[in-house]
Each structure stands twice: as C-alpha cells, then as structure tokens.
>>> print(open('model-v1.cif').read())   # mmCIF, C-alpha atoms
data_coords
loop_
_atom_site.label_atom_id
_atom_site.label_comp_id
_atom_site.auth_asym_id
_atom_site.auth_seq_id
_atom_site.Cartn_x
_atom_site.Cartn_y
_atom_site.Cartn_z
CA MET N 6 17.43 -21.23 9.44
CA THR N 7 14.49 -23.19 8.09
CA GLU N 8 11.53 -21.67 6.34
CA GLU N 9 9.40 -22.46 9.37
CA THR N 10 11.61 -20.24 11.51
CA TYR N 11 11.23 -17.42 9.01
CA LYS N 12 7.49 -17.84 8.93
CA SER N 13 7.25 -17.01 12.63
CA ILE N 14 8.54 -13.47 12.11
CA PRO N 15 5.65 -11.07 12.64
CA GLU N 16 4.72 -9.07 9.56
CA PRO N 17 4.64 -5.77 11.52
CA THR N 18 8.32 -6.38 12.36
CA LEU N 19 9.15 -6.95 8.70
CA ARG N 20 7.25 -3.80 7.77
CA ARG N 21 9.20 -1.72 10.30
CA LEU N 22 12.64 -2.91 9.18
CA PRO N 23 12.80 -0.57 6.14
CA SER N 24 12.17 2.43 8.46
CA TYR N 25 15.07 1.36 10.66
CA HIS N 26 17.19 0.86 7.55
CA ARG N 27 16.34 4.32 6.21
CA TYR N 28 17.14 5.97 9.54
CA LEU N 29 20.41 4.02 9.91
CA LYS N 30 21.53 4.97 6.39
CA GLY N 31 21.08 8.61 7.46
CA LEU N 32 23.25 8.01 10.53
CA ALA N 33 25.90 6.25 8.41
CA ALA N 34 25.97 9.22 6.04
CA ARG N 35 26.68 11.42 9.07
CA LYS N 36 29.45 8.98 10.16
CA ARG N 37 27.76 8.00 13.45
CA PRO N 38 29.43 4.74 14.59
CA VAL N 39 26.82 3.48 17.09
CA VAL N 40 23.12 3.88 17.91
CA SER N 41 20.92 2.76 20.80
CA CYS N 42 17.40 1.31 20.76
CA SER N 43 16.14 4.29 22.73
CA ARG N 44 17.51 6.71 20.14
CA ILE N 45 15.96 4.74 17.25
CA GLY N 46 12.67 4.47 19.15
CA GLU N 47 12.61 8.19 19.88
CA GLU N 48 13.30 9.04 16.25
CA LEU N 49 10.68 6.69 14.81
CA GLY N 50 8.03 7.00 17.53
CA LEU N 51 8.41 3.40 18.71
CA ASP N 52 8.91 1.73 22.06
CA PRO N 53 12.65 0.90 22.60
CA THR N 54 11.72 -2.63 23.70
CA GLN N 55 9.91 -3.11 20.42
CA VAL N 56 12.93 -1.81 18.53
CA ARG N 57 15.25 -4.25 20.36
CA LYS N 58 12.87 -7.14 19.63
CA ASP N 59 12.52 -6.21 15.93
CA LEU N 60 16.27 -5.89 15.41
CA GLY N 61 16.86 -9.16 17.27
CA TYR N 62 15.19 -11.04 14.41
CA THR N 63 18.05 -10.08 12.11
CA GLY N 64 20.43 -11.95 14.40
CA ILE N 65 22.34 -8.89 15.59
CA ILE N 66 22.88 -8.30 19.32
CA GLY N 67 23.66 -4.85 20.68
CA THR N 68 26.08 -4.01 23.50
CA PRO N 69 24.22 -2.97 26.69
CA LYS N 70 24.45 0.81 27.38
CA VAL N 71 26.29 1.31 24.07
CA GLY N 72 24.02 0.13 21.32
CA TYR N 73 24.58 -1.31 17.86
CA PRO N 74 27.39 -0.59 15.43
CA VAL N 75 25.53 1.29 12.67
CA ASP N 76 27.24 -0.31 9.66
CA ALA N 77 26.87 -3.87 10.97
CA LEU N 78 23.21 -3.22 11.74
CA ILE N 79 22.55 -1.96 8.22
CA GLU N 80 24.22 -5.05 6.80
CA ALA N 81 22.27 -7.37 9.10
CA ILE N 82 18.95 -5.82 7.99
CA GLU N 83 19.88 -5.97 4.31
CA GLU N 84 20.99 -9.58 4.60
CA PHE N 85 17.86 -10.52 6.54
CA LEU N 86 15.49 -8.85 4.07
CA GLY N 87 17.21 -10.44 1.09
CA TRP N 88 18.33 -7.06 -0.23
CA THR N 89 21.88 -8.29 -0.76
CA ASN N 90 20.71 -10.57 -3.58
CA ALA N 91 19.67 -8.63 -6.63
CA ASN N 92 16.16 -9.75 -7.56
CA GLU N 93 15.29 -9.14 -11.17
CA GLY N 94 11.70 -8.10 -11.51
CA LEU N 95 9.29 -7.55 -14.37
CA LEU N 96 6.41 -5.12 -14.15
CA VAL N 97 3.12 -5.60 -15.98
CA GLY N 98 0.82 -2.61 -16.47
CA VAL N 99 2.24 0.81 -17.31
CA GLY N 100 -0.67 2.95 -16.12
CA SER N 101 -0.51 5.68 -13.44
CA LEU N 102 0.68 3.34 -10.71
CA GLY N 103 3.04 1.27 -12.89
CA THR N 104 4.67 4.44 -14.15
CA ALA N 105 5.11 5.69 -10.57
CA LEU N 106 6.71 2.38 -9.55
CA LEU N 107 9.18 2.56 -12.43
CA GLY N 108 10.18 6.00 -11.11
CA PHE N 109 11.06 4.80 -7.60
CA GLU N 110 14.84 4.67 -7.63
CA ARG N 111 14.79 3.34 -4.07
CA PHE N 112 13.68 -0.10 -5.28
CA ASN N 113 17.28 -0.67 -6.38
CA THR N 114 18.51 -0.08 -2.82
CA TYR N 115 15.98 -2.70 -1.77
CA GLY N 116 17.37 -5.33 -4.06
CA LEU N 117 14.67 -5.11 -6.71
CA HIS N 118 15.78 -4.32 -10.22
CA ILE N 119 12.80 -3.81 -12.47
CA VAL N 120 14.41 -4.70 -15.79
CA ALA N 121 11.48 -4.25 -18.14
CA ALA N 122 7.81 -3.30 -18.23
CA PHE N 123 4.94 -4.84 -20.19
CA ASP N 124 1.61 -3.57 -21.41
CA ASN N 125 -0.99 -4.53 -24.00
CA ASP N 126 -1.59 -0.94 -25.13
CA ALA N 127 -0.08 -0.41 -28.60
CA ALA N 128 0.43 3.27 -27.79
CA LYS N 129 2.72 2.38 -24.88
CA ILE N 130 4.62 -0.54 -26.45
CA GLY N 131 7.98 0.55 -27.81
CA THR N 132 8.21 3.61 -25.54
CA THR N 133 10.64 4.00 -22.64
CA VAL N 134 9.32 4.84 -19.16
CA HIS N 135 11.86 5.93 -16.53
CA GLY N 136 14.58 4.16 -18.50
CA ARG N 137 12.75 0.87 -18.97
CA ASP N 138 11.45 -0.44 -22.31
CA VAL N 139 7.74 -1.14 -22.51
CA LEU N 140 7.33 -4.52 -24.24
CA PRO N 141 4.25 -6.34 -25.55
CA MET N 142 2.72 -9.04 -23.33
CA GLU N 143 3.60 -11.71 -25.91
CA LYS N 144 7.25 -11.28 -24.97
CA PHE N 145 6.71 -11.76 -21.24
CA VAL N 146 7.22 -15.50 -20.84
CA ARG N 147 10.25 -15.66 -23.08
CA LEU N 148 12.07 -12.74 -21.40
CA ALA N 149 11.16 -13.84 -17.87
CA THR N 150 12.42 -17.36 -18.57
CA ARG N 151 15.61 -16.15 -20.24
CA ILE N 152 16.68 -13.84 -17.39
CA HIS N 153 15.31 -16.18 -14.68
CA ALA N 154 13.18 -13.36 -13.23
CA LEU N 155 11.81 -14.31 -9.82
CA VAL N 156 9.69 -11.26 -9.01
CA GLY N 157 6.63 -10.09 -10.93
CA ILE N 158 4.78 -6.85 -10.22
CA ILE N 159 1.14 -6.63 -11.22
CA ALA N 160 -0.13 -3.09 -11.82
CA VAL N 161 -2.95 -3.90 -14.24
CA PRO N 162 -6.70 -3.30 -13.75
CA ALA N 163 -8.45 -5.82 -11.48
CA GLU N 164 -10.03 -7.77 -14.34
CA HIS N 165 -6.63 -8.66 -15.84
CA ALA N 166 -4.80 -9.46 -12.60
CA GLN N 167 -5.40 -13.22 -12.47
CA THR N 168 -4.51 -13.73 -16.14
CA THR N 169 -1.31 -11.79 -15.56
CA ALA N 170 -0.52 -13.89 -12.48
CA ASN N 171 -1.08 -17.10 -14.47
CA LEU N 172 1.32 -15.89 -17.12
CA MET N 173 3.88 -15.04 -14.45
CA MET N 174 3.63 -18.50 -12.89
CA GLN N 175 3.98 -20.08 -16.32
CA ALA N 176 7.21 -18.09 -16.70
CA GLY N 177 8.67 -19.32 -13.40
CA ILE N 178 8.02 -16.19 -11.32
CA ARG N 179 8.19 -17.14 -7.62
CA ALA N 180 7.09 -13.92 -5.90
CA ILE N 181 4.25 -11.68 -7.05
CA TRP N 182 3.67 -8.15 -5.81
CA ASN N 183 0.02 -7.61 -6.56
CA LEU N 184 -1.09 -3.99 -6.71
CA ALA N 185 -4.34 -4.76 -8.52
CA PRO N 186 -7.37 -4.40 -6.22
CA VAL N 187 -8.34 -8.08 -6.34
CA PRO N 188 -7.06 -11.20 -4.57
CA LEU N 189 -5.10 -13.75 -6.62
CA VAL N 190 -5.48 -17.51 -6.63
CA VAL N 191 -1.99 -19.08 -6.60
CA PRO N 192 -0.46 -22.35 -5.38
CA PRO N 193 1.41 -22.27 -2.03
CA THR N 194 4.75 -22.35 -3.85
CA VAL N 195 4.19 -18.79 -5.05
CA ILE N 196 4.62 -15.87 -2.64
CA VAL N 197 2.08 -13.09 -3.02
CA GLN N 198 2.22 -9.67 -1.42
CA GLN N 199 -1.07 -7.89 -1.94
CA ASP N 200 -1.22 -4.11 -1.71
CA ASP N 201 -4.45 -2.41 -2.38
CA LEU N 202 -4.48 1.37 -2.12
CA PHE N 203 -8.25 1.38 -2.44
CA ALA N 204 -8.54 -0.99 0.52
CA SER N 205 -6.45 1.42 2.60
CA LEU N 206 -8.60 4.30 1.49
CA ALA N 207 -11.66 2.35 2.63
CA VAL N 208 -10.15 1.95 6.10
CA LEU N 209 -9.46 5.68 6.25
CA THR N 210 -12.87 6.85 5.06
CA GLN N 211 -14.71 4.35 7.28
CA LYS N 212 -12.81 5.48 10.37
CA LEU N 213 -13.39 9.13 9.52
CA SER N 214 -17.07 8.52 8.88
CA ALA N 215 -17.45 6.65 12.18
CA ARG N 216 -15.59 9.39 14.05
CA LEU N 217 -17.74 12.15 12.57
CA LYS N 218 -20.92 10.21 13.31
CA SER N 219 -19.88 9.65 16.93
CA GLU N 220 -19.24 13.38 17.33
CA ARG N 221 -22.67 14.25 16.02
CA VAL N 222 -24.42 12.02 18.59
CA MET G 30 -23.72 3.12 16.39
CA THR G 31 -21.02 4.48 18.69
CA GLU G 32 -17.41 4.83 17.75
CA GLU G 33 -16.55 1.96 20.08
CA THR G 34 -18.74 -0.34 18.02
CA TYR G 35 -16.99 0.79 14.87
CA LYS G 36 -13.58 0.24 16.41
CA SER G 37 -14.31 -3.45 16.88
CA ILE G 38 -14.56 -4.06 13.14
CA PRO G 39 -11.52 -6.04 12.05
CA GLU G 40 -9.28 -4.19 9.60
CA PRO G 41 -9.10 -7.23 7.24
CA THR G 42 -12.89 -6.98 6.89
CA LEU G 43 -12.66 -3.28 6.06
CA ARG G 44 -9.93 -4.01 3.53
CA ARG G 45 -12.07 -6.66 1.80
CA LEU G 46 -15.17 -4.48 1.46
CA PRO G 47 -13.88 -2.59 -1.60
CA SER G 48 -13.36 -5.92 -3.41
CA TYR G 49 -16.95 -6.89 -2.69
CA HIS G 50 -18.06 -3.47 -3.85
CA ARG G 51 -16.12 -3.73 -7.08
CA TYR G 52 -17.53 -7.19 -7.81
CA LEU G 53 -21.08 -6.10 -6.97
CA LYS G 54 -20.83 -3.05 -9.23
CA GLY G 55 -19.95 -5.46 -12.04
CA LEU G 56 -23.04 -7.54 -11.25
CA ALA G 57 -25.22 -4.42 -11.15
CA ALA G 58 -23.90 -3.38 -14.55
CA ARG G 59 -24.99 -6.78 -15.85
CA LYS G 60 -28.43 -6.28 -14.18
CA ARG G 61 -28.11 -9.22 -11.77
CA PRO G 62 -30.72 -8.69 -9.01
CA VAL G 63 -29.36 -11.03 -6.30
CA VAL G 64 -26.12 -12.70 -5.28
CA SER G 65 -25.20 -15.34 -2.70
CA CYS G 66 -22.23 -15.49 -0.31
CA SER G 67 -21.04 -18.67 -2.02
CA ARG G 68 -20.98 -16.94 -5.39
CA ILE G 69 -19.07 -13.94 -4.01
CA GLY G 70 -16.66 -16.22 -2.17
CA GLU G 71 -16.03 -18.31 -5.28
CA GLU G 72 -15.36 -15.21 -7.36
CA LEU G 73 -12.99 -13.58 -4.87
CA GLY G 74 -11.31 -16.71 -3.50
CA LEU G 75 -12.82 -16.34 -0.01
CA ASP G 76 -14.69 -18.64 2.34
CA PRO G 77 -18.50 -18.03 2.10
CA THR G 78 -18.74 -17.90 5.91
CA GLN G 79 -16.15 -15.13 5.91
CA VAL G 80 -18.10 -13.28 3.23
CA ARG G 81 -21.32 -13.50 5.27
CA LYS G 82 -19.50 -12.26 8.38
CA ASP G 83 -17.86 -9.36 6.54
CA LEU G 84 -21.09 -8.22 4.91
CA GLY G 85 -22.93 -8.54 8.23
CA TYR G 86 -20.91 -5.61 9.58
CA THR G 87 -22.63 -3.30 7.13
CA GLY G 88 -25.97 -4.16 8.78
CA ILE G 89 -27.43 -5.97 5.78
CA ILE G 90 -28.97 -9.44 6.21
CA GLY G 91 -29.35 -11.81 3.26
CA THR G 92 -32.27 -14.13 2.62
CA PRO G 93 -31.32 -17.81 3.21
CA LYS G 94 -30.94 -19.79 -0.05
CA VAL G 95 -31.51 -16.60 -2.09
CA GLY G 96 -28.82 -14.15 -1.11
CA TYR G 97 -28.56 -10.39 -1.06
CA PRO G 98 -30.25 -7.87 -3.32
CA VAL G 99 -27.28 -6.49 -5.28
CA ASP G 100 -28.29 -2.81 -5.27
CA ALA G 101 -29.11 -2.72 -1.57
CA LEU G 102 -25.82 -4.44 -0.76
CA ILE G 103 -23.85 -1.87 -2.75
CA GLU G 104 -25.63 0.94 -0.91
CA ALA G 105 -25.03 -0.69 2.48
CA ILE G 106 -21.29 -0.98 1.78
CA GLU G 107 -21.02 2.60 0.53
CA GLU G 108 -22.93 3.95 3.52
CA PHE G 109 -20.83 1.87 5.91
CA LEU G 110 -17.52 2.97 4.41
CA GLY G 111 -18.54 6.61 4.39
CA TRP G 112 -18.43 6.78 0.60
CA THR G 113 -21.81 8.48 0.45
CA ASN G 114 -20.38 11.64 2.03
CA ALA G 115 -18.03 13.45 -0.31
CA ASN G 116 -14.74 13.95 1.53
CA GLU G 117 -12.67 16.79 0.15
CA GLY G 118 -9.02 15.94 0.22
CA LEU G 119 -5.79 17.80 -0.38
CA LEU G 120 -2.65 16.07 -1.60
CA VAL G 121 0.85 17.19 -0.70
CA GLY G 122 3.77 16.02 -2.82
CA VAL G 123 3.46 15.82 -6.59
CA GLY G 124 6.25 13.31 -7.27
CA SER G 125 5.86 9.91 -8.97
CA LEU G 126 3.40 8.57 -6.42
CA GLY G 127 1.46 11.83 -5.94
CA THR G 128 1.02 12.12 -9.69
CA ALA G 129 -0.24 8.53 -9.86
CA LEU G 130 -2.75 9.18 -7.07
CA LEU G 131 -4.11 12.24 -8.87
CA GLY G 132 -4.68 9.98 -11.89
CA PHE G 133 -6.83 7.44 -10.02
CA GLU G 134 -10.36 8.33 -11.08
CA ARG G 135 -11.70 5.62 -8.80
CA PHE G 136 -11.05 7.75 -5.72
CA ASN G 137 -14.16 9.73 -6.66
CA THR G 138 -16.26 6.57 -6.50
CA TYR G 139 -14.84 6.06 -3.04
CA GLY G 140 -15.98 9.43 -1.78
CA LEU G 141 -12.61 11.12 -1.95
CA HIS G 142 -12.38 14.24 -4.07
CA ILE G 143 -8.82 15.45 -4.28
CA VAL G 144 -9.48 19.12 -4.98
CA ALA G 145 -5.92 20.44 -5.17
CA ALA G 146 -2.29 19.38 -4.90
CA PHE G 147 0.63 21.10 -3.20
CA ASP G 148 4.37 21.02 -3.69
CA ASN G 149 7.38 23.15 -2.78
CA ASP G 150 9.05 22.69 -6.17
CA ALA G 151 8.86 25.95 -8.15
CA ALA G 152 8.92 23.95 -11.40
CA LYS G 153 5.70 22.15 -10.42
CA ILE G 154 3.80 25.06 -8.86
CA GLY G 155 1.34 26.60 -11.29
CA THR G 156 1.08 23.48 -13.43
CA THR G 157 -1.97 21.24 -13.69
CA VAL G 158 -1.65 17.49 -13.00
CA HIS G 159 -4.58 15.25 -13.97
CA GLY G 160 -6.87 18.28 -13.81
CA ARG G 161 -5.75 19.56 -10.41
CA ASP G 162 -3.79 22.78 -9.82
CA VAL G 163 -0.43 22.42 -8.11
CA LEU G 164 -0.24 25.16 -5.45
CA PRO G 165 2.61 26.36 -3.24
CA MET G 166 2.76 25.03 0.33
CA GLU G 167 2.18 28.55 1.70
CA LYS G 168 -1.41 28.32 0.45
CA PHE G 169 -2.17 25.02 2.17
CA VAL G 170 -3.58 26.15 5.51
CA ARG G 171 -5.73 28.89 4.03
CA LEU G 172 -7.29 26.67 1.35
CA ALA G 173 -7.79 23.71 3.69
CA THR G 174 -9.50 25.92 6.25
CA ARG G 175 -11.67 27.65 3.67
CA ILE G 176 -13.03 24.45 2.10
CA HIS G 177 -13.11 22.58 5.46
CA ALA G 178 -11.00 19.77 4.01
CA LEU G 179 -10.99 16.76 6.32
CA VAL G 180 -8.62 14.43 4.45
CA GLY G 181 -4.94 15.06 3.77
CA ILE G 182 -2.75 12.83 1.64
CA ILE G 183 0.99 12.86 2.28
CA ALA G 184 3.11 11.81 -0.70
CA VAL G 185 6.30 13.69 0.17
CA PRO G 186 9.75 12.21 0.94
CA ALA G 187 10.14 10.72 4.43
CA GLU G 188 12.05 13.69 5.84
CA HIS G 189 9.19 16.09 5.13
CA ALA G 190 6.31 13.86 6.26
CA GLN G 191 6.01 15.04 9.89
CA THR G 192 6.23 18.74 8.96
CA THR G 193 3.49 18.17 6.39
CA ALA G 194 1.35 16.34 8.96
CA ASN G 195 1.80 19.21 11.44
CA LEU G 196 0.65 21.67 8.80
CA MET G 197 -2.37 19.49 8.04
CA MET G 198 -3.37 19.32 11.70
CA GLN G 199 -2.96 23.08 12.01
CA ALA G 200 -5.39 23.39 9.10
CA GLY G 201 -8.04 21.20 10.75
CA ILE G 202 -7.43 18.00 8.73
CA ARG G 203 -8.93 15.05 10.63
CA ALA G 204 -7.74 12.07 8.60
CA ILE G 205 -4.28 11.65 7.12
CA TRP G 206 -3.36 9.08 4.49
CA ASN G 207 0.38 8.78 4.91
CA LEU G 208 2.22 7.31 1.94
CA ALA G 209 5.64 8.52 3.08
CA PRO G 210 7.79 5.68 4.40
CA VAL G 211 7.95 6.95 7.98
CA PRO G 212 5.55 6.78 10.94
CA LEU G 213 3.81 10.01 12.01
CA VAL G 214 3.33 11.34 15.51
CA VAL G 215 -0.23 12.65 15.85
CA PRO G 216 -2.75 13.10 18.70
CA PRO G 217 -5.50 10.46 19.04
CA THR G 218 -8.04 12.86 17.55
CA VAL G 219 -6.38 12.49 14.14
CA ILE G 220 -6.89 9.32 12.11
CA VAL G 221 -3.81 8.07 10.26
CA GLN G 222 -3.70 5.39 7.61
CA GLN G 223 -0.10 4.48 6.88
CA ASP G 224 0.78 2.84 3.59
CA ASP G 225 4.34 2.10 2.84
CA LEU G 226 5.10 0.43 -0.48
CA PHE G 227 8.69 -0.09 0.59
CA ALA G 228 7.54 -1.92 3.70
CA SER G 229 5.48 -4.26 1.51
CA LEU G 230 8.42 -4.80 -0.76
CA ALA G 231 10.48 -5.75 2.31
CA VAL G 232 7.91 -8.41 3.23
CA LEU G 233 8.02 -9.79 -0.31
CA THR G 234 11.82 -9.89 -0.67
CA GLN G 235 12.29 -11.34 2.82
CA LYS G 236 9.81 -14.16 2.14
CA LEU G 237 11.38 -14.88 -1.23
CA SER G 238 14.86 -14.88 0.26
CA ALA G 239 13.79 -17.23 3.07
CA ARG G 240 12.07 -19.54 0.57
CA LEU G 241 15.10 -19.72 -1.70
CA LYS G 242 17.41 -20.36 1.26
CA SER G 243 15.20 -23.18 2.52
CA GLU G 244 15.27 -24.80 -0.91
CA ARG G 245 19.06 -24.70 -0.99
CA VAL G 246 19.37 -26.60 2.31
#
>>> encode(input="model-v1.cif", output="structure tokens")
Amino acid sequence: MTEETYKSIPEPTLRRLPSYHRYLKGLAARKRPVVSCSRIGEELGLDPTQVRKDLGYTGIIGTPKVGYPVDALIEAIEEFLGWTNANEGLLVGVGSLGTALLGFERFNTYGLHIVAAFDNDAAKIGTTVHGRDVLPMEKFVRLATRIHALVGIIAVPAEHAQTTANLMMQAGIRAIWNLAPVPLVVPPTVIVQQDDLFASLAVLTQKLSARLKSERV
Amino acid sequence: MTEETYKSIPEPTLRRLPSYHRYLKGLAARKRPVVSCSRIGEELGLDPTQVRKDLGYTGIIGTPKVGYPVDALIEAIEEFLGWTNANEGLLVGVGSLGTALLGFERFNTYGLHIVAAFDNDAAKIGTTVHGRDVLPMEKFVRLATRIHALVGIIAVPAEHAQTTANLMMQAGIRAIWNLAPVPLVVPPTVIVQQDDLFASLAVLTQKLSARLKSERV
C-alpha cells in the first residue's frame, strides 16, 4: 500500500479504531470467538454500516451473518495502526500533563514506549517519574540519536513548543505528538498530531454558552 | 443570535480561538494597542485570510490597514466562547489525567472553575488534590444540584464512563467533557465534547507506520 492510499483514510475512522480494539480485547478476555458489526455498533453507539466500513480499512473481511473472528480482528487493527512495531518515544516537559502521560500504562499496548523524559527544571532533573528518568534537555539530541527514537511528545508550555520541536527534528524524530496549545511549524517530512485540551474546552464552553443564550430568548 | 447560527461555526475555528486569545494576551501584557491579521497569521502559522474569517465569527471587525484593537479583540473572543460566565464544573475520576486537569490553572481563565473532584477509591476520598477536595461518588448528585453545576468532566476508566454520564445528567449537568476513551450515549439536550488521547495516539502511530512502510518500498 502506498502512502497515498493511507492518506485517504478518514481521521474519524482512525480515531474510532482504538475503541473497537478496546472492546475486542474485552471479548477476547471472555473467550468470545466471533463478533458481528451490529454487536460492536450496539456496544459503542455506532451505526453497523459505519463499523463495517471502518474495519474494512484494516483489510479484514467478515463472514456474512457470522461476523469477524475476534483474535484476527484485533491483530488486523494492531497491524494497521502500527502498534505491532514498538515505537520508542521521548517526552519533553514533566509538568501536570507530562506526568499524567508517563502514568498511562496503556501507551505500551499501543506500541509507544516512552523511554525517558526531559525537563529544564533543576528540581525535576535526576528524579524518576512513573519509572522513567527525568533528564536535562542538553541530553536530548544525543539520547534520541543513539536509540533512534522516532516519536517525540511535547508537553511543555506554549512558548517553548517550537524550540522543543526544532530540537526533536534535529535529533531525527519523525513524528511529534504536540500537546502544547500552539501550532508547530515543521517540514512535510515530519508528522504532527496536535492535541489541545484548551481548544476542546473552548468548543465545550462555546456550545454551552450558545445553548444557554438560546434558551433565554 | 440563535443556536442555529452558532451551530454553523466550524469546529476548527472554535479550536483556533484559544490560540488567538493566548497570543493576544501576550500582546496586551506588552501594551500593544493594535494587531493585524497578517501579524497574527505569521505568529501562529496561519493564513491571514483564515485569521480574518475566524475572528469575524466573534462579531468584531478590524480597521483596514490598521488591524484590531487588542483589548477589544480579547473581550470579543472571551464573550464569544462563553468565558465571561463562570461555569462551575465537577470532575469525576482522580487518576493520572484527572489529577493533571486539576493542576491546570488556565482553566480558570477559560471560565471553568472545577470546584470539587469525585472518586470511588477510599484511599483518595478525603484528600485534597491541587486545592480541591476529593469527595465520594455518593455526594455527587447532591452537590451538583446544590451549586447548579452545568459542566461535568469525566476522567474515569472507559467501563465507568457511561454510568458517570448518567449520574451527571441526573444531577442536571448540561455539558460533559468526556476524556474516557469510549463514546457516550446522551440525549440531544446534553452537550458532549469527547477527547480521547489514545485515539490521537492511534492517528500518530498509523501515519508514522504508513510513512515508514512507504519509504521501505
């Protein structure tokens, strides 16, 4: 499959695949051998046609009136999402959010091994957070290059995000997960996933405000 | 403005408004009286036309060749996003992510005051996290009803998300920020903002995997 083919996969589909995966892992734990699109849809509040379409992207085809073999479907999703390759990741910024991220054991299931964390705060450097050493920023490029880290996670304040991204690119990082509330400027060779909790909060408060206003009219 | 009008605002615009706000607050701190779309676009890596369009939704109109008065623009964004009303929010789930959320002081700037946190873990109940009391779930409905809380934040594991949402709706919560990795079933009267860090991670790892595969061909 070429990159162009991959590019045509809708992001909402990609975002739903982890929910399917989570539900399927539950079924596997209860030794269920097969599952239908209708059952998955019912469980996750989705249209069965949508479920069939989403799962089709992974290359798996179900048996009509029977469904999908659970184990094969889990494998197909993991393979498709790149979770079968272990991606070594480095996190920069050990504040509230960075600390929370280091505590998410589920990242390992999702093929992301955060091997070390970095900060420029002398009080944090040398400590261990959720089993990971906190190292000074000066060590970033050397460690990233040595272990061939491909994924960088930015959890620093907005004003340091671009500098951190530049450092990551210098170190050969190919995919950046940006949790700082500011867009990054990167060349097209670098993949960026931007997640901004404050942006989501803005959507929520705006919708609530609009709803309350409309009720007052 | 009716709710229908509000509904037509593109979500990407809403998601960009906090970035503008953050940048403008920086300008205000440095006593800059005016700013142009080109300057904002340059700073945030956006097309000036896009910036003008986004800001237009707030109802403010700039002066050609001069720009926008910084203070008025900040106010327009805050009013538009509903940040001028204080929304009292209750958080459920004081794990890694819940703890991080309680630590984000910036929520206050964004009109969200998380007044208390809830958990069902006896070891957490009775403690204080980032200045907020952790209360038992049994107290949720009574407190929410008493303070007329409108915003609920779900930071519990996936399997408890729907039960938590049901409790919130029972207590009169109108807007739910769902950070559990599972979709919620709610009536149309309840606003839900779903944020799933694992879904974002899936997008990142899938794109990286596809990119690496395409390079190997």
>>> resolve_selection(input="model-v1.cif", expression="the PyMOL selection byres ((chain N) within 6 of (chain G))", output="list in words")
Thr7, Glu8, Leu19, Arg20, Pro23, Leu86, Gly87, Ser101, Leu102, Ala105, Gln198, Ala204, Val208, Leu209, Thr210, Gln211, Ser214, Ala215 and Ser219 of chain N
>>> write_last_selection(input="model-v1.cif", atoms="C-alpha atoms", output="PDB file, in the frame of the given file")
ATOM      1  CA  THR N   7      14.490 -23.190   8.090  1.00  0.00           C
ATOM      2  CA  GLU N   8      11.530 -21.670   6.340  1.00  0.00           C
ATOM      3  CA  LEU N  19       9.150  -6.950   8.700  1.00  0.00           C
ATOM      4  CA  ARG N  20       7.250  -3.800   7.770  1.00  0.00           C
ATOM      5  CA  PRO N  23      12.800  -0.570   6.140  1.00  0.00           C
ATOM      6  CA  LEU N  86      15.490  -8.850   4.070  1.00  0.00           C
ATOM      7  CA  GLY N  87      17.210 -10.440   1.090  1.00  0.00           C
ATOM      8  CA  SER N 101      -0.510   5.680 -13.440  1.00  0.00           C
ATOM      9  CA  LEU N 102       0.680   3.340 -10.710  1.00  0.00           C
ATOM     10  CA  ALA N 105       5.110   5.690 -10.570  1.00  0.00           C
ATOM     11  CA  GLN N 198       2.220  -9.670  -1.420  1.00  0.00           C
ATOM     12  CA  ALA N 204      -8.540  -0.990   0.520  1.00  0.00           C
ATOM     13  CA  VAL N 208     -10.150   1.950   6.100  1.00  0.00           C
ATOM     14  CA  LEU N 209      -9.460   5.680   6.250  1.00  0.00           C
ATOM     15  CA  THR N 210     -12.870   6.850   5.060  1.00  0.00           C
ATOM     16  CA  GLN N 211     -14.710   4.350   7.280  1.00  0.00           C
ATOM     17  CA  SER N 214     -17.070   8.520   8.880  1.00  0.00           C
ATOM     18  CA  ALA N 215     -17.450   6.650  12.180  1.00  0.00           C
ATOM     19  CA  SER N 219     -19.880   9.650  16.930  1.00  0.00           C
TER      20      SER N 219
END
>>> atom_distance(input="model-v1.cif", atom1="CA of Arg81 in chain G", atom2="CA of Ile38 in chain G")
14.0 Å
>>> atom_distance(input="model-v1.cif", atom1="CA of Gly201 in chain G", atom2="CA of Lys168 in chain G")
14.2 Å
>>> closest_residue(input="model-v1.cif", among="N:Lys36, N:Lys30, N:Arg44, N:Lys129", to="Ile79 in chain N", atoms="only C-alpha atoms")
N:Lys30
>>> atom_distance(input="model-v1.cif", atom1="CA of Thr169 in chain N", atom2="CA of Val97 in chain N")
7.6 Å
>>> resolve_selection(input="model-v1.cif", expression="the PyMOL selection byres ((chain G and resi 150) around 10)", output="list in words")
Gly122, Val123, Gly124, Phe147, Asp148, Asn149, Ala151, Ala152, Lys153, Ile154, Val163, Leu164, Pro165 and Met166 of chain G
>>> write_last_selection(input="model-v1.cif", atoms="C-alpha atoms", output="tab-separated table (two decimals), in the coordinates of the input")
chain	number	residue	atom	x	y	z
G	122	GLY	CA	3.77	16.02	-2.82
G	123	VAL	CA	3.46	15.82	-6.59
G	124	GLY	CA	6.25	13.31	-7.27
G	147	PHE	CA	0.63	21.10	-3.20
G	148	ASP	CA	4.37	21.02	-3.69
G	149	ASN	CA	7.38	23.15	-2.78
G	151	ALA	CA	8.86	25.95	-8.15
G	152	ALA	CA	8.92	23.95	-11.40
G	153	LYS	CA	5.70	22.15	-10.42
G	154	ILE	CA	3.80	25.06	-8.86
G	163	VAL	CA	-0.43	22.42	-8.11
G	164	LEU	CA	-0.24	25.16	-5.45
G	165	PRO	CA	2.61	26.36	-3.24
G	166	MET	CA	2.76	25.03	0.33
>>> axis_aligned_box(input="model-v1.cif", around="range 222-240 of chain G", padding_each_side="6 Å", output="lines of an AutoDock Vina configuration file")
center_x = 5.6
center_y = -7.1
center_z = 3.2
size_x = 30.6
size_y = 36.9
size_z = 20.8
>>> closest_residue(input="model-v1.cif", among="G:Ala101, G:Ile143, G:Ile106, G:Leu172", to="His50 in chain G", atoms="only C-alpha atoms")
G:Ile106
>>> resolve_selection(input="model-v1.cif", expression="the PyMOL selection byres ((chain G and resi 97) around 12)", output="PyMOL selection string")
chain G and resi 53+56+61-69+80-81+84-85+88-96+98-105
